[in-house]
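Structure, as structure tokens:
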Amino acid sequence: MNMKKNRLIWGLMITLPLVIGGLGCKKFLDRKPLTSTLDDLNQGKVEASVFGLYSILRDYGGFSSLPWVDFQSIRDDDAQKGSDENDGREIVAEFETFQYSKDDWAPNTYWNDHYFLANQATNAIAYAEGATDPATLRNIGEASFFRAYCYFELVKTYGEIPIIRNQIVKTADAIQPKSTIDEVYAFIDEDLERAAQYLPLSSTEYGSNFVGRLTKGAANTMWAQTHLFRGNWARVTALCNEVIASGQYSLPEFSKIWEDGINYAGKNGPESIWEMQAYCGPNAATGGAINYWSYWGTCQGVRQGGTTIEWNLGWGWNTPTDKLESQWPESDPRKRKTILYSGQFDGGPAQGGFGATLPAYTNPSGTGGFSQKYWNKKVYSDPAMRAYTGYIDGNGGAYWINHRILRYADVYLMLAEASNELGDGATAAASLEKVRDRASGFLGAGRTVVPYIPFTTQEAMRTAIKNERRWEFAMEGYRFYDLVRWGDAQNELGSLGYTPRCKYYPIPQKAIDVSNGVLVQNPEW
């Protein structure tokens with residue numbers, strides 16, 4: 001299979017006119033509002049409308065850039081805004097110290113983008129009504145997955161939210177009262193059951209040119225996540241076991257997951273269950289260039305002001321905290337493959353680096369500048385790829401990096417957690433070991449690096465699983481929601497300003513205003 005050719009064709013298909021204009025933070029405000037009518041929406045055929053869903057995922061900030069990292073990552077204790085103190089200064093108060101805002105660009109964008117994508121998915125499902133052919137049923141599965149994904153993120157973030165089940169034909173169709181959390185999850189279950197039924201086992205079933213399209217494994221993995229948040233342990237184990245039994249996935253060496261160089265070794269690799277697709281490079285067919293890029297890597301890339309352009313690789317958001325660095329055991333190889341240190345050698349290929357030494361941390365101490373102690377190494381861009389694409393600075397130094405949204409490691413860790421809660425310590429330990437053995441370099445149970453943890457007590461295993469999720473998914477946006485669902489958020493985040501009412505974010509005031517009282521604010525806000 002010619003992977004570069006596949007990416008080119010897939011990119012051409014999903015590159016629709018949804019591209020973000022401008023480069024400032026405020027660019028994400030330019031979105032179709034929740035009150036858009038059907039005339040505003042994509043009127044193309046079913047497959048074209050489904051391709052548009054992938055494009056929205058890649059282009060819209062609520063999924064691929066600053067608003068996503070604000071809600072998903074910066075709110076935890078292991079990540080912070082980073083960048084220059086004056087770049088998005090308001091984000092520190094809103095997301096690092098839990099002074100939530102009812103009306104600001106990032107919260108408004110996050111809400112609007114999720115409802116926009118969900119409503120576009122609803123359109124695609126409606127266009128396909130009555131279809132029976134396998135290709136269109138797959139499209140229905142894709143659209144159902146995207147809608148479920150949006151509502152899952154919304155219910156985790158806001159709690160009770162409105163469900164918009166049907167197409168928006170007139171403005172009033174978009175104005176709905178809030179549904180209960182149980183009702184939202186029931187709606188998600190309906191969509192994911194349909195997605196799991198219609199989606200193929202492998203993306204190759206769409207044809208060889210569509211690497212990265214949704215699969216049954218993605219539907220079952222996200223469905224397991226939704227049951228994890230509800231404590232439905234038996235459903236979690238059943239769904240995880242189904243993903244494992246499919247034989248579609250495996251665990252490669254940890255640093256290989258994040259490779260985004262010229263050979264694309266890490267993109268859509270054996271651990272990938274679902275990735276947002278991005279690409280920059282030459283078009284072999286025309287000799288020109290083809291780009292269906294994303295701000296995902298750029299928004300988090302190293303931003304080292306006052307140095308040569310080779311170290312201005314992005315906007316510098318979502319950087320590790322001192323707490324993460326100090327509490328993470330140095331013996332865990334994942335630490336040096338996740339945290340990139342200013343002033344230090346990047347570790348070379350053995351540690352996911354490229355043989356470079358970063359500029360020193362200069363500690364601006366409130367005077368401006370972009371210097372940070374640490375950077376997110378999971379989006380560290382390859383200098384060879386920068387040269388290959390011609391994008392070398394902060395506005396494009398990582399355009400081509402895929403967002404790894406669902407990984408196979410999560411299947412094992414969800415299975416470990418659910419099994420432990422069901423009293424099956426043997427399965428919990430065996431599932432945890434799958435991830436720990438990979439972290440150690442596949443050295444086997446007798447190793448001393450990331451050693452094997454046998455089951456002793458349910459509480460001890462519970463603690464081990466919590467720690468493992470923290471190290472495995474550091475900087476990927478899991479920890480805040482994990483802390484909330486475990487009941488640990490107050491203990492871990494209280495010193496930063498978290499209180500129990502911060503479990504849910506307030507609904508944007510503009511959405512409430514346009515509803516004329518139908519949509520009401522979350523009770524504690």
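By order in the structure tokens, chains are A, B, ...; within a chain, residues start at 1; ligands start at 1, following the order shown.
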Inset, instruction - Could you pull out the residues in range 297-382 of chain A that DSSP calls strand (DSSP E) from the backbone, as a PyMOL selection string? - result: chain A and resi 317-320+339-341+374-376
Residues within 10 Å of His227 in chain A, please, as a PDB file with N, CA and C atoms, in the first residue's frame. Count only C-alpha atoms; anything in the same chain fewer than 2 positions from it doesn't count.
```
ATOM      1  N   TYR A 185     -26.838  10.155  28.048  1.00  0.00           N
ATOM      2  CA  TYR A 185     -26.109   8.899  27.856  1.00  0.00           C
ATOM      3  C   TYR A 185     -26.944   7.877  27.086  1.00  0.00           C
ATOM      4  N   ASP A 189     -25.783   6.089  23.743  1.00  0.00           N
ATOM      5  CA  ASP A 189     -25.845   4.630  23.563  1.00  0.00           C
ATOM      6  C   ASP A 189     -26.507   4.267  22.243  1.00  0.00           C
ATOM      7  N   MET A 222     -14.929   3.906  22.430  1.00  0.00           N
ATOM      8  CA  MET A 222     -15.582   5.082  23.013  1.00  0.00           C
ATOM      9  C   MET A 222     -16.807   4.682  23.825  1.00  0.00           C
ATOM     10  N   TRP A 223     -17.517   3.658  23.384  1.00  0.00           N
ATOM     11  CA  TRP A 223     -18.657   3.168  24.149  1.00  0.00           C
ATOM     12  C   TRP A 223     -18.195   2.664  25.523  1.00  0.00           C
ATOM     13  N   ALA A 224     -17.065   1.967  25.557  1.00  0.00           N
ATOM     14  CA  ALA A 224     -16.503   1.529  26.838  1.00  0.00           C
ATOM     15  C   ALA A 224     -16.177   2.732  27.717  1.00  0.00           C
ATOM     16  N   GLN A 225     -15.633   3.793  27.118  1.00  0.00           N
ATOM     17  CA  GLN A 225     -15.347   5.005  27.893  1.00  0.00           C
ATOM     18  C   GLN A 225     -16.612   5.573  28.519  1.00  0.00           C
ATOM     19  N   PHE A 229     -17.393   6.013  32.695  1.00  0.00           N
ATOM     20  CA  PHE A 229     -17.819   7.208  33.420  1.00  0.00           C
ATOM     21  C   PHE A 229     -19.108   6.972  34.201  1.00  0.00           C
ATOM     22  N   ARG A 230     -19.855   5.948  33.820  1.00  0.00           N
ATOM     23  CA  ARG A 230     -21.085   5.629  34.549  1.00  0.00           C
ATOM     24  C   ARG A 230     -20.884   4.519  35.567  1.00  0.00           C
ATOM     25  N   GLY A 231     -19.688   3.952  35.605  1.00  0.00           N
ATOM     26  CA  GLY A 231     -19.433   2.852  36.533  1.00  0.00           C
ATOM     27  C   GLY A 231     -20.128   1.570  36.155  1.00  0.00           C
ATOM     28  N   ASN A 232     -20.428   1.396  34.875  1.00  0.00           N
ATOM     29  CA  ASN A 232     -21.063   0.165  34.391  1.00  0.00           C
ATOM     30  C   ASN A 232     -19.966  -0.838  34.039  1.00  0.00           C
ATOM     31  N   TRP A 233     -19.404  -1.443  35.069  1.00  0.00           N
ATOM     32  CA  TRP A 233     -18.160  -2.196  34.916  1.00  0.00           C
ATOM     33  C   TRP A 233     -18.315  -3.408  34.003  1.00  0.00           C
ATOM     34  N   ALA A 234     -19.437  -4.106  34.072  1.00  0.00           N
ATOM     35  CA  ALA A 234     -19.608  -5.289  33.225  1.00  0.00           C
ATOM     36  C   ALA A 234     -19.642  -4.919  31.751  1.00  0.00           C
ATOM     37  N   ARG A 235     -20.285  -3.794  31.420  1.00  0.00           N
ATOM     38  CA  ARG A 235     -20.309  -3.344  30.031  1.00  0.00           C
ATOM     39  C   ARG A 235     -18.920  -2.924  29.572  1.00  0.00           C
ATOM     40  N   VAL A 236     -18.156  -2.291  30.455  1.00  0.00           N
ATOM     41  CA  VAL A 236     -16.786  -1.908  30.102  1.00  0.00           C
ATOM     42  C   VAL A 236     -15.971  -3.143  29.749  1.00  0.00           C
ATOM     43  N   THR A 237     -16.035  -4.163  30.587  1.00  0.00           N
ATOM     44  CA  THR A 237     -15.232  -5.361  30.324  1.00  0.00           C
ATOM     45  C   THR A 237     -15.671  -6.037  29.025  1.00  0.00           C
ATOM     46  N   LEU A 239     -17.075  -4.720  26.325  1.00  0.00           N
ATOM     47  CA  LEU A 239     -16.678  -3.940  25.148  1.00  0.00           C
ATOM     48  C   LEU A 239     -15.166  -3.982  24.938  1.00  0.00           C
ATOM     49  N   MET A 414      -8.793   0.479  30.821  1.00  0.00           N
ATOM     50  CA  MET A 414     -10.214   0.428  31.192  1.00  0.00           C
ATOM     51  C   MET A 414     -10.589  -0.975  31.654  1.00  0.00           C
ATOM     52  N   ALA A 418     -12.121  -1.806  35.340  1.00  0.00           N
ATOM     53  CA  ALA A 418     -13.422  -2.438  35.489  1.00  0.00           C
ATOM     54  C   ALA A 418     -13.304  -3.814  36.150  1.00  0.00           C
TER      55      ALA A 418
END
```
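Proximity ranking of A:Asp77, A:Asp513, A:Asp133, A:Asp437 relative to Asp103 in chain A places A:Asp513 first, based on only C-alpha atoms.
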Legend entry - Backbone DSSP call of alpha helix (DSSP H) for range 59-138 of chain A, listed as JSON, numbers by chain: {"A": [59, 61, 62, 63, 64, 66, 67, 68, 69, 89, 90, 91, 105, 106, 107, 108, 109, 110, 111, 112, 113, 114, 115, 116, 117, 118, 119, 120, 121, 122, 123, 124, 125, 126, 127, 134, 135, 136, 137, 138]}
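Candidate residues A:Arg138, A:Ala124, A:Pro329, A:Tyr412 were compared for distance to Val450 in chain A, and the nearest is A:Pro329, using only C-alpha atoms.
Nearest to Ile168 in chain A of all the residues A:Ile257, A:Ala121, A:Ala131, A:Leu154 is A:Ala121, based on only C-alpha atoms.
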Inset, instruction - Go ahead and compute the interatomic distance for CA of Pro320 in chain A and CA of Lys373 in chain A, in Å to one decimal. - result: 8.4 Å
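For Ser246 in chain A, the set of protein, DNA and RNA residues having any atom at most 10 Å away, when counting only C-alpha atoms and skipping those fewer than 6 positions along the same chain, is Leu201, Ser202, Lys216 and Gly217 of chain A.
The space separating CA of Gly61 in chain A from CA of Gln372 in chain A comes to 23.4 Å.
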Inset, instruction - Just the residues within 10 Å of Gly301 in chain A, please, counting only C-alpha atoms, with nothing from its chain fewer than 5 positions along; format it as an MDAnalysis selection string. - result: chainID A and resid 83 295:296 311:319 375:381 393:399
Inset, instruction - Rank A:Ser64, A:Thr362, A:Ser272, A:Ser440 by their smallest atom-to-atom distance to His114 in chain A, using only C-alpha atoms, and report the top residue only. - result: A:Ser64
Inset, instruction - For Leu199 in chain A, list every protein, DNA or RNA residue within 12 Å, evaluated using only C-alpha atoms, and leave out those in the same chain fewer than 3 positions away; present the list as number ranges by chain. - result: A: 134-145, 191-196, 202-206, 213-220
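Among the candidate residues A:Gln80, A:Gly348, A:Ile163, A:Asn123, the one lying nearest to Val50 in chain A is A:Asn123, with distances computed using only C-alpha atoms.
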Legend entry - One-decimal distance in Å that lies between CA of Pro177 in chain A and CA of Ile161 in chain A: 7.6 Å
Legend entry - Contacts of Thr321 in chain A at 12 Å (only C-alpha atoms; same-chain gap of 5+ positions) as a ChimeraX atom specification: /A:73-82,96,326-328,339-341,372-376,474-475
Write the residues of the preceding selection, restricted to C-alpha atoms, as a JSON list (two decimals), in the first residue's frame.
```
[["chain", "number", "residue", "atom", "x", "y", "z"],
["A", 73, "SER", "CA", -5.70, 19.24, 29.53],
["A", 74, "ILE", "CA", -4.91, 22.60, 31.12],
["A", 75, "ARG", "CA", -7.52, 22.06, 33.83],
["A", 76, "ASP", "CA", -5.54, 19.21, 35.38],
["A", 77, "ASP", "CA", -2.53, 19.40, 37.69],
["A", 78, "ASP", "CA", -0.06, 17.96, 35.19],
["A", 79, "ALA", "CA", -0.49, 20.57, 32.42],
["A", 80, "GLN", "CA", -0.49, 24.36, 32.28],
["A", 81, "LYS", "CA", -1.13, 26.98, 29.63],
["A", 82, "GLY", "CA", 2.55, 27.72, 28.87],
["A", 96, "GLU", "CA", -5.77, 26.76, 35.73],
["A", 326, "SER", "CA", 8.70, 15.89, 40.22],
["A", 327, "GLN", "CA", 6.17, 13.15, 40.98],
["A", 328, "TRP", "CA", 6.86, 11.01, 37.92],
["A", 339, "ILE", "CA", 8.55, 15.71, 28.83],
["A", 340, "LEU", "CA", 10.94, 17.76, 26.71],
["A", 341, "TYR", "CA", 13.36, 19.78, 28.85],
["A", 372, "GLN", "CA", 9.25, 27.35, 29.65],
["A", 373, "LYS", "CA", 11.01, 24.66, 31.65],
["A", 374, "TYR", "CA", 9.28, 21.83, 29.82],
["A", 375, "TRP", "CA", 7.37, 21.12, 26.62],
["A", 376, "ASN", "CA", 5.01, 18.38, 25.47],
["A", 474, "ALA", "CA", 0.19, 12.51, 30.42],
["A", 475, "MET", "CA", -0.53, 15.65, 28.34]]
```
Inset, instruction - Could you check which of A:Asp382, A:Ser208, A:Ala148, A:Met276 is closest to Glu190 in chain A, using only C-alpha atoms? - result: A:Ala148
